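A.B. asks: For reference, the structure I am asking about is given below.
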Amino acid sequence: MKKWISAARLRTLPLSLAGIVLAGFLAASINKFEWGIFILSVLTATLFQVLSNFANDYGDGVKGTDNEDRIGPVRALQSGDITPGQMKIAIQLTAFLSFVSAVALVVYAFGFDKIFQIIFYLVLGLLAIAAAIKYTVGKNAYGYYGMGDLFVLIFFGIVAVAGGTYLYTKQIDFTLIYPALSVGLLSVAVLNLNNMRDIDSDTKSNKNTIPVKLGLENAKKYHILLIVLPFFFSQAYIFHHLHSYAQWLFVLPYIILILHLMKVINTRNPKDFDPELKKVAILTFVYALIFGVGLIL
């Protein structure tokens, strides 16, 4: 059990739940929050994240990308604690549970009346499962072509925040793109830190992430954009929906994020990105929480 808990990488959950939490607060700000939708959303997002972690472990493990050159924590296949066959079964089981949870969420949110919405969200669920698996698994794994950033932006940001809020409100609000992009870009920043940390081992393994393509110094400039743009997108949403000065509380995490950017700019050894990765993952969740609380105060 301990080795499976380790392989599930539960420490990654705050990042995957940031958008879900913010969606709940956005719904609560217009009195549309429902605990049933929130609980099922958290369960579904958790299963998607565990599926992604299992698949990432398997894909990089069988390709040999996770090797002695890798700086981060030792993965399950890399250590030999879990065999490829066992991990493959775990991926299949988690994918099944993820879809069952997604079906329960969609049916709870829409009942059986809104067929179009049900089909749309179930297709999104299938796409999320496919994206979680294909990041590193298979010959055409998109993570090896620098496409991971785009998929994180879509699923951790736009789908989680805008799509998650629609489950409560059943209304389209185009201004939701601002908080959705904010959470999405901060989530991409976590992936970028991971890829800057692994730039040397990824280069040797032909895993062409954005930092591998851009080079370390340009990847740092890209990282600055990923951190700074959410600040302005957050202000854009507040501009459209300002009702309390508490909404500006979201600037508090940015005090630490500014220090983080200074650290990133001055970092020369890739292994020094590892503690920053954990910091930004937690701050993304804190940002979502504080931004959300500001909406209802």
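Residue numbers start at 1 in each chain; chains themselves are named A, B, ... in the order of the structure tokens; ligands are numbered from 1 in the order shown.
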Taking the backbone alone, and naming residues the way the document does, which bits of segment 108-279 of chain A are helix (DSSP H, G or I) by DSSP, as a PyMOL selection string?
C.D. replies: chain A and resi 108-110+115-134+142-145+148-169+174-197+199-204+210-214+216-241+245-266+270-279
A.B. asks: For those residues, write C-alpha atoms to a file as a compact mmCIF listing (two decimals), in the first residue's frame.
C.D. replies:
# COMPACT_ATOMS: atom_id res chain seq x y z
CA TYR A 108 -25.90 14.75 -10.61
CA ALA A 109 -25.33 18.22 -12.10
CA PHE A 110 -27.70 17.98 -15.08
CA ILE A 115 -28.66 15.61 -23.13
CA PHE A 116 -26.34 17.96 -25.02
CA GLN A 117 -24.56 19.08 -21.83
CA ILE A 118 -24.29 15.49 -20.61
CA ILE A 119 -22.71 14.31 -23.88
CA PHE A 120 -20.39 17.33 -23.99
CA TYR A 121 -19.07 16.77 -20.47
CA LEU A 122 -18.70 13.01 -20.94
CA VAL A 123 -16.64 13.68 -24.07
CA LEU A 124 -14.55 16.11 -21.98
CA GLY A 125 -14.10 13.33 -19.43
CA LEU A 126 -12.89 10.89 -22.08
CA LEU A 127 -10.54 13.53 -23.46
CA ALA A 128 -9.18 14.17 -19.96
CA ILE A 129 -8.52 10.43 -19.52
CA ALA A 130 -6.80 10.27 -22.90
CA ALA A 131 -4.73 13.37 -22.12
CA ALA A 132 -3.67 11.97 -18.74
CA ILE A 133 -2.45 8.76 -20.36
CA LYS A 134 -0.96 10.08 -23.59
CA TYR A 142 2.60 14.63 -26.58
CA GLY A 143 4.75 15.42 -23.54
CA TYR A 144 7.78 14.44 -25.63
CA TYR A 145 6.90 17.11 -28.22
CA GLY A 148 2.28 19.32 -22.13
CA ASP A 149 2.00 23.02 -21.34
CA LEU A 150 -1.00 23.47 -23.63
CA PHE A 151 -2.87 20.49 -22.18
CA VAL A 152 -2.22 21.65 -18.60
CA LEU A 153 -3.55 25.11 -19.50
CA ILE A 154 -6.71 23.58 -20.98
CA PHE A 155 -7.54 20.98 -18.33
CA PHE A 156 -6.16 22.54 -15.13
CA GLY A 157 -7.36 26.00 -16.11
CA ILE A 158 -10.16 26.35 -18.64
CA VAL A 159 -11.93 23.03 -18.04
CA ALA A 160 -11.50 23.04 -14.24
CA VAL A 161 -12.51 26.66 -13.64
CA ALA A 162 -14.85 27.65 -16.48
CA GLY A 163 -16.19 24.15 -17.09
CA GLY A 164 -16.43 23.47 -13.37
CA THR A 165 -18.38 26.67 -12.71
CA TYR A 166 -20.89 25.86 -15.46
CA LEU A 167 -21.78 22.63 -13.65
CA TYR A 168 -23.19 24.79 -10.85
CA THR A 169 -24.60 27.78 -12.70
CA PHE A 174 -17.16 34.72 -20.81
CA THR A 175 -15.33 36.65 -18.07
CA LEU A 176 -14.54 33.28 -16.44
CA ILE A 177 -11.73 32.99 -18.98
CA TYR A 178 -9.69 35.35 -16.77
CA PRO A 179 -9.56 33.24 -13.56
CA ALA A 180 -9.41 30.10 -15.72
CA LEU A 181 -6.28 31.34 -17.49
CA SER A 182 -4.83 32.50 -14.16
CA VAL A 183 -5.02 29.05 -12.58
CA GLY A 184 -4.04 27.39 -15.85
CA LEU A 185 -0.92 29.48 -16.36
CA LEU A 186 0.22 29.05 -12.75
CA SER A 187 -0.23 25.29 -13.22
CA VAL A 188 1.86 25.47 -16.40
CA ALA A 189 4.51 27.28 -14.35
CA VAL A 190 4.74 24.22 -12.09
CA LEU A 191 5.24 21.98 -15.13
CA ASN A 192 7.82 24.41 -16.50
CA LEU A 193 9.79 24.25 -13.25
CA ASN A 194 9.66 20.47 -13.43
CA ASN A 195 10.95 20.58 -17.00
CA MET A 196 13.69 23.11 -16.20
CA ARG A 197 14.80 20.85 -13.35
CA ILE A 199 16.34 19.69 -18.72
CA ASP A 200 19.56 17.69 -18.86
CA SER A 201 18.02 14.23 -18.47
CA ASP A 202 15.16 15.13 -20.83
CA THR A 203 17.64 16.27 -23.48
CA LYS A 204 19.47 12.94 -23.27
CA ILE A 210 9.60 23.65 -23.78
CA PRO A 211 12.82 24.24 -21.76
CA VAL A 212 14.67 21.71 -23.95
CA LYS A 213 13.47 23.56 -27.05
CA LEU A 214 14.07 27.08 -25.72
CA LEU A 216 17.36 27.28 -19.90
CA GLU A 217 17.68 31.07 -20.08
CA ASN A 218 14.74 31.51 -22.46
CA ALA A 219 12.72 29.04 -20.39
CA LYS A 220 13.24 31.36 -17.42
CA LYS A 221 11.81 34.29 -19.43
CA TYR A 222 8.86 32.09 -20.40
CA HIS A 223 8.44 31.26 -16.71
CA ILE A 224 8.25 34.95 -15.80
CA LEU A 225 5.32 35.32 -18.21
CA LEU A 226 3.58 32.30 -16.69
CA ILE A 227 3.74 33.91 -13.24
CA VAL A 228 3.06 37.54 -14.18
CA LEU A 229 0.17 37.14 -16.65
CA PRO A 230 -2.19 35.58 -14.06
CA PHE A 231 -1.79 38.72 -11.94
CA PHE A 232 -3.24 40.86 -14.74
CA PHE A 233 -5.91 38.33 -15.70
CA SER A 234 -7.07 38.32 -12.08
CA GLN A 235 -7.35 42.09 -12.14
CA ALA A 236 -9.35 41.89 -15.37
CA TYR A 237 -11.93 39.62 -13.72
CA ILE A 238 -12.16 41.88 -10.67
CA PHE A 239 -12.65 44.89 -12.96
CA HIS A 240 -15.78 43.21 -14.35
CA HIS A 241 -17.08 41.95 -10.98
CA TYR A 245 -11.96 45.33 -1.57
CA ALA A 246 -11.44 41.79 -0.22
CA GLN A 247 -11.19 40.68 -3.83
CA TRP A 248 -7.70 42.18 -3.95
CA LEU A 249 -6.45 39.73 -1.32
CA PHE A 250 -5.15 37.57 -4.17
CA VAL A 251 -2.07 39.82 -4.30
CA LEU A 252 -0.79 38.25 -1.06
CA PRO A 253 0.58 35.05 -2.69
CA TYR A 254 2.32 37.28 -5.23
CA ILE A 255 4.61 38.63 -2.52
CA ILE A 256 6.12 35.15 -2.30
CA LEU A 257 5.87 34.61 -6.07
CA ILE A 258 8.01 37.71 -6.69
CA LEU A 259 10.70 36.23 -4.44
CA HIS A 260 10.27 32.98 -6.34
CA LEU A 261 10.92 34.72 -9.66
CA MET A 262 14.10 36.27 -8.27
CA LYS A 263 15.22 32.79 -7.24
CA VAL A 264 14.45 31.36 -10.69
CA ILE A 265 16.30 34.14 -12.50
CA ASN A 266 19.44 33.58 -10.39
CA PRO A 270 18.80 22.76 -12.45
CA LYS A 271 18.39 20.76 -9.23
CA ASP A 272 17.72 24.02 -7.37
CA PHE A 273 14.38 24.30 -9.21
CA ASP A 274 12.99 21.33 -7.27
CA PRO A 275 12.03 23.17 -4.03
CA GLU A 276 10.58 26.01 -6.13
CA LEU A 277 8.33 23.51 -7.89
CA LYS A 278 6.66 22.50 -4.63
CA LYS A 279 6.40 26.14 -3.57
A.B. asks: Have a look at A:Ala23, A:Leu283, A:Ala55, A:Ala104 and name the one nearest to Gln92 of chain A; count only C-alpha atoms.
C.D. replies: A:Ala55
A.B. asks: Record the distance separating atom CA of Ser6 of chain A and atom CA of Phe54 of chain A, expressed in Å with one decimal.
C.D. replies: 10.2 Å
A.B. asks: Could you check which of A:Ala27, A:Ala18, A:Thr44, A:Thr12 is closest to Asp173 of chain A, using only C-alpha atoms?
C.D. replies: A:Ala27
A.B. asks: Record the distance separating atom CA of Ser98 of chain A and atom CA of Val293 of chain A, expressed in Å with one decimal.
C.D. replies: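 If I compute the distance from atom CA of Ser98 of chain A to atom CA of Val293 of chain A, I get 28.6 Å.
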A.B. asks: Which residues, written as a PyMOL selection string, have at least one atom at most 10 Å from Ala7 of chain A, with only C-alpha atoms counted and residues fewer than 5 positions away on the same chain left out?
C.D. replies: chain A and resi 1-2+50+53-54+56-57+74-77+81-82+87
A.B. asks: Keeping only C-alpha atoms, write the selected residues to a file as a PDB file, in the first residue's frame.
C.D. replies:
ATOM      1  CA  MET A   1       0.000   0.000   0.000  1.00  0.00           C
ATOM      2  CA  LYS A   2       2.824   2.397   0.857  1.00  0.00           C
ATOM      3  CA  VAL A  50      -3.748   9.922  -9.850  1.00  0.00           C
ATOM      4  CA  ASN A  53       0.666  10.283 -12.182  1.00  0.00           C
ATOM      5  CA  PHE A  54       0.440   6.527 -12.776  1.00  0.00           C
ATOM      6  CA  ASN A  56       3.517   9.436 -16.277  1.00  0.00           C
ATOM      7  CA  ASP A  57       5.411   6.972 -14.084  1.00  0.00           C
ATOM      8  CA  VAL A  74      12.714   8.281  -7.633  1.00  0.00           C
ATOM      9  CA  ARG A  75       9.630   6.937  -9.430  1.00  0.00           C
ATOM     10  CA  ALA A  76       7.933   3.601  -8.796  1.00  0.00           C
ATOM     11  CA  LEU A  77       9.030   1.845 -12.005  1.00  0.00           C
ATOM     12  CA  ASP A  81       8.878  -1.165  -6.415  1.00  0.00           C
ATOM     13  CA  ILE A  82       6.134  -1.615  -9.027  1.00  0.00           C
ATOM     14  CA  MET A  87       1.264  -0.201 -13.245  1.00  0.00           C
TER      15      MET A  87
END
A.B. asks: Suppose you want the space between atom CA of Ile5 of chain A and atom CA of Val42 of chain A; what is it in Å?
C.D. replies: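 It comes out at 17.9 Å.
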